[in-house]
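A short write-up of the structure that comes next.
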Number of protein chains: 2
Amino acid sequence: MINNIAVLKFGGTSVKNIGRIRHVCELVNKRRREGPVLVVVSAMGDTTDYLVKLAGQAAAEPDKRELDLLLSTGEQISITLVSMVLRTMGVAARSFTAYQVGIFTESIHNKARIVDIKTDTLSKAFEENDVVVVAGFQGVTTGGEITTLGRGGSDTTAVALAAAVGAPVCDIYTDVDGIFTADPNLVRSARRLPRISYEEVVEMARLGAQVIHPRAVELARQHRVVVRVRNTFKPDDQGTIIDGGEQMEIYRTVSGVAVDKEQASVAIVEVPDRPGIAAKIMRAVADQNIVIDMIMQAFHPKSGLNNITFTVARTDLKPTIAVLNQLKDELGATEVEADQDIAKVSLIGAGMVHQPGIAARLFSVLGEAGINIKMIATSEMKLTCVVSRAEADRAAQLIHDAFELGAP
Amino acid sequence: MINNIAVLKFGGTSVKNIGRIRHVCELVNKRRREGPVLVVVSAMGDTTDYLVKLAGQAAAEPDKRELDLLLSTGEQISITLVSMVLRTMGVAARSFTAYQVGIFTESIHNKARIVDIKTDTLSKAFEENDVVVVAGFQGVTTGGEITTLGRGGSDTTAVALAAAVGAPVCDIYTDVDGIFTADPNLVRSARRLPRISYEEVVEMARLGAQVIHPRAVELARQHRVVVRVRNTFKPDDQGTIIDGGEQMEIYRTVSGVAVDKEQASVAIVEVPDRPGIAAKIMRAVADQNIVIDMIMQAFHPKSGLNNITFTVARTDLKPTIAVLNQLKDELGATEVEADQDIAKVSLIGAGMVHQPGIAARLFSVLGEAGINIKMIATSEMKLTCVVSRAEADRAAQLIHDAFELGAP
């Protein structure tokens, strides 16, 4: 394989019309002066939504295999336009679909995982061209069927290609400046992080996920691909580097505060304390394809009764309540309670596990401000409090200040 | 290969939205009760125009290879939607792109010709499905590059597939009832022809071409594929059968009258009669990619001068005049004259060559009606008169009546 290929990925908003595509191509044209460039693009703007809508008109539950063949046209359109525009700039460029490259996936439709990437087509393409444009989000099975990778697909394609060609870095160009210590819309002093570890990005959930999909980060972590998140419209900015964190300053205990207002909590109240009860509840919910996030079990020794509380996506609240109401009598519980007025506020940091007292400091900050904590969850590098939704932004601001995240 | 596969082709207007696709699928669903069905579809309605427009925004002259990869998405979208809708009707259906099937073409972009069609994928597909939906208009080179077939591409795909699978008949579903003895909008007594030969359809030019592309007819002729042109929206109508004409009634000398108002004539006046002059003129025009239709050379023995007159598409008139003006002095001609006020009226019939007197009858019909004939051209099964544009429709009506084409 040719050495030193730069991998650049551009999302749908970066290529949503020909004007934007032209901007992207100017950026690519500059970069290719330093060496060969592999460009990965998503479908233009709303193309995928439009195709999904068409499929929805065709069938209430569109056949998954046909849906993939349909959706893959979105990226096929954008790669050809990018290549055409590059060629008007005198750049030797060629576009390739995933099946043309040989991005092989599992035989699972709508959410296939990449199994293998052939590099002979790419090698040949780079012998004849300075820029090779590859369709993100799609793959092909060994049987020749077109698959799509599901959510975060284009990011995943870019990282996988970077790993396959041994690229020193994978640039994910998007419409934000990088990964921040908090949502700049909520916390004024939020600061772009110049560097962050794979693990921290994943823990940052939505804060990181609006920039790069956790699945792509996980792939990057496995293959030690250095990822750089950059703003398409500020090409000189350095963005945020995501890597193994080996060279990170030891003093940076915490790296960001994330707020998630898309959850609701459900409680099943006064369940007799018998073994296997929690598992039964969780399985019934999971059977409906509902993902459970935080779980809390509170045991009252006096009554011998449990309250089991957990959070789910707000959109899953109705079916969750339905499942629990069905189970209620069988379990001997007295009630099912739902709370939509919640938000998760999380403090994330790779160094947290080595630093005692972080949790105490966080709780006291919230306590002094009169903010009631409804639930708590902890992991190695994340500390999450559930608070009233109305207080979430203020809580994030207070935590951001208390841990001096705005200071460089 | 599985026997007795019906090949059904649907054009862009037949699948222009999901409602129409549903209608097409109901028709296919009925047909598959009689046996396996191979469906060929074009891109939905204006999709190809939209993609061409996008390409035009990307580059003044879009790269041809990239353009093919772009345009091929149009049919890829329509085949998946047709397959999805068929599946909602409980039909075992699967869609395939040209590269998935193995429709191999020359390595020429935008107008590739089909070289070979593999049938193993199709055989396998028909083992598992009752209906196989294949993208028209597209192909693949042995090197894995996507090509498109150019004008008449989807018709050509359908006929080629019919030949490859040995289908007894290839149904071209469109938005007209079949091939008529004249344009029903011009000649009220125009009648649908139940049967016509390959050669006559080609000679009918626009009259036939608005129904099926001459290229597909020529392919059908070569491979002796019986083609049936039918109206998608009148599925019980029998349309027009196009075949070798072996069983045609001997008495049907003439089969139709065609009018073409899209031509203009150009004359280069008083050219000295030297060998090679006509060739020189024709080559100069052809070098501009302008197609010359009728050519007439009139020699005046007295002066030893020639007038050379020919017709071109009206859209090519300007560049044609420019070329001739450049040549004028070199040739020693006195003038270049153009006439936009013309129309071609043609009488077509496979039996014409065996029937003397047809031309005389036609000329006298026009002469009696006071219609002046500006140019005449004849071929084995076609007799064309150039008349004033304003008189073309009346001429067609008179000829249609005189030859009793409206009578069954």
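Chains: A, B, ... in order of the structure tokens. Residues: from 1 per chain. Ligands: from 1, in order shown.
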task = Do a neighbour search on segment 82-84 of chain A at 8 Å with only C-alpha atoms, toss out local chain neighbours closer than 3 positions, and write the hits as a list in words.
result = Ile21, Arg22, Cys25, Ser78, Ile79, Arg87, Thr88, Ala93, Arg94, Ser95 and Val133 of chain A; Ala55, Ala58, Ala59, Pro62, Asp63 and Glu66 of chain B
Selected residues written out, N, CA and C atoms, as a PDB file, in the first residue's frame:
ATOM      1  N   ILE A  21     -19.942  21.217  -1.581  1.00  0.00           N
ATOM      2  CA  ILE A  21     -19.039  20.217  -2.155  1.00  0.00           C
ATOM      3  C   ILE A  21     -17.809  20.917  -2.734  1.00  0.00           C
ATOM      4  N   ARG A  22     -18.045  22.065  -3.366  1.00  0.00           N
ATOM      5  CA  ARG A  22     -16.925  22.815  -3.941  1.00  0.00           C
ATOM      6  C   ARG A  22     -15.963  23.254  -2.819  1.00  0.00           C
ATOM      7  N   CYS A  25     -13.975  20.355  -1.738  1.00  0.00           N
ATOM      8  CA  CYS A  25     -12.975  19.981  -2.742  1.00  0.00           C
ATOM      9  C   CYS A  25     -11.773  20.920  -2.715  1.00  0.00           C
ATOM     10  N   SER A  78     -23.119  11.236  -3.897  1.00  0.00           N
ATOM     11  CA  SER A  78     -22.197  12.272  -3.400  1.00  0.00           C
ATOM     12  C   SER A  78     -20.748  12.015  -3.819  1.00  0.00           C
ATOM     13  N   ILE A  79     -20.309  10.759  -3.855  1.00  0.00           N
ATOM     14  CA  ILE A  79     -18.903  10.514  -4.263  1.00  0.00           C
ATOM     15  C   ILE A  79     -18.657  10.942  -5.700  1.00  0.00           C
ATOM     16  N   ARG A  87     -12.140  17.057 -10.311  1.00  0.00           N
ATOM     17  CA  ARG A  87     -11.564  16.997 -11.661  1.00  0.00           C
ATOM     18  C   ARG A  87     -11.640  18.345 -12.376  1.00  0.00           C
ATOM     19  N   THR A  88     -12.697  19.130 -12.082  1.00  0.00           N
ATOM     20  CA  THR A  88     -12.736  20.478 -12.674  1.00  0.00           C
ATOM     21  C   THR A  88     -11.594  21.331 -12.124  1.00  0.00           C
ATOM     22  N   ALA A  93      -8.770  12.545  -9.722  1.00  0.00           N
ATOM     23  CA  ALA A  93      -9.627  11.965  -8.681  1.00  0.00           C
ATOM     24  C   ALA A  93     -10.535  10.906  -9.281  1.00  0.00           C
ATOM     25  N   ARG A  94     -10.883   9.921  -8.491  1.00  0.00           N
ATOM     26  CA  ARG A  94     -11.799   8.861  -8.900  1.00  0.00           C
ATOM     27  C   ARG A  94     -12.646   8.447  -7.722  1.00  0.00           C
ATOM     28  N   SER A  95     -13.920   8.150  -7.994  1.00  0.00           N
ATOM     29  CA  SER A  95     -14.788   7.725  -6.904  1.00  0.00           C
ATOM     30  C   SER A  95     -15.030   6.216  -6.959  1.00  0.00           C
ATOM     31  N   VAL A 133     -12.014   8.848  -3.811  1.00  0.00           N
ATOM     32  CA  VAL A 133     -13.211   9.190  -3.047  1.00  0.00           C
ATOM     33  C   VAL A 133     -14.024   7.917  -2.837  1.00  0.00           C
TER      34      VAL A 133
ATOM     35  N   ALA B  55     -25.070  17.019 -11.897  1.00  0.00           N
ATOM     36  CA  ALA B  55     -23.757  16.857 -12.531  1.00  0.00           C
ATOM     37  C   ALA B  55     -23.365  18.144 -13.255  1.00  0.00           C
ATOM     38  N   ALA B  58     -22.010  20.494 -10.912  1.00  0.00           N
ATOM     39  CA  ALA B  58     -20.688  20.088 -10.421  1.00  0.00           C
ATOM     40  C   ALA B  58     -19.596  20.409 -11.433  1.00  0.00           C
ATOM     41  N   ALA B  59     -19.896  20.237 -12.704  1.00  0.00           N
ATOM     42  CA  ALA B  59     -18.867  20.457 -13.731  1.00  0.00           C
ATOM     43  C   ALA B  59     -19.535  20.809 -15.048  1.00  0.00           C
ATOM     44  N   PRO B  62     -19.170  17.156 -17.121  1.00  0.00           N
ATOM     45  CA  PRO B  62     -18.919  16.142 -16.089  1.00  0.00           C
ATOM     46  C   PRO B  62     -18.124  14.965 -16.659  1.00  0.00           C
ATOM     47  N   ASP B  63     -17.196  14.488 -15.887  1.00  0.00           N
ATOM     48  CA  ASP B  63     -16.432  13.302 -16.266  1.00  0.00           C
ATOM     49  C   ASP B  63     -17.397  12.158 -16.580  1.00  0.00           C
ATOM     50  N   GLU B  66     -17.608   9.182 -14.055  1.00  0.00           N
ATOM     51  CA  GLU B  66     -18.305   9.560 -12.823  1.00  0.00           C
ATOM     52  C   GLU B  66     -19.801   9.745 -13.090  1.00  0.00           C
TER      53      GLU B  66
END
query = Contacts of Arg20 of chain A at 12 Å or less, counting only C-alpha atoms, minus same-chain residues fewer than 5 places along, as a PyMOL selection string?
reply = (chain A and resi 10-15+25-27+44-45+78+81-82+85+175+232-233) or (chain B and resi 57-58)
query = Leaving out segment 156-163 of chain B and any residue of its chain fewer than 6 positions from it, which residues lie within 10 Å of it when counting only C-alpha atoms, given as a ChimeraX atom specification?
reply = /B:5-10,38-42,98,103,113-119,122,134-139,149-150,169-172,212-227
ask   = How many Å separate atom CA of Glu127 of chain A from atom CA of Val140 of chain B?
value =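 Here the two named atoms are 22.2 Å from each other.
Nearest to chain B of all the residues A:Thr141, A:Gln210, A:Asn29, A:Thr105 is A:Thr141, counting only C-alpha atoms.
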message = Can you measure atom CA of Val387 of chain B to atom CA of Asp183 of chain B for me? One decimal in Å is fine.
response =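 Atom CA of Asp183 of chain B lies 17.3 Å from atom CA of Val387 of chain B.
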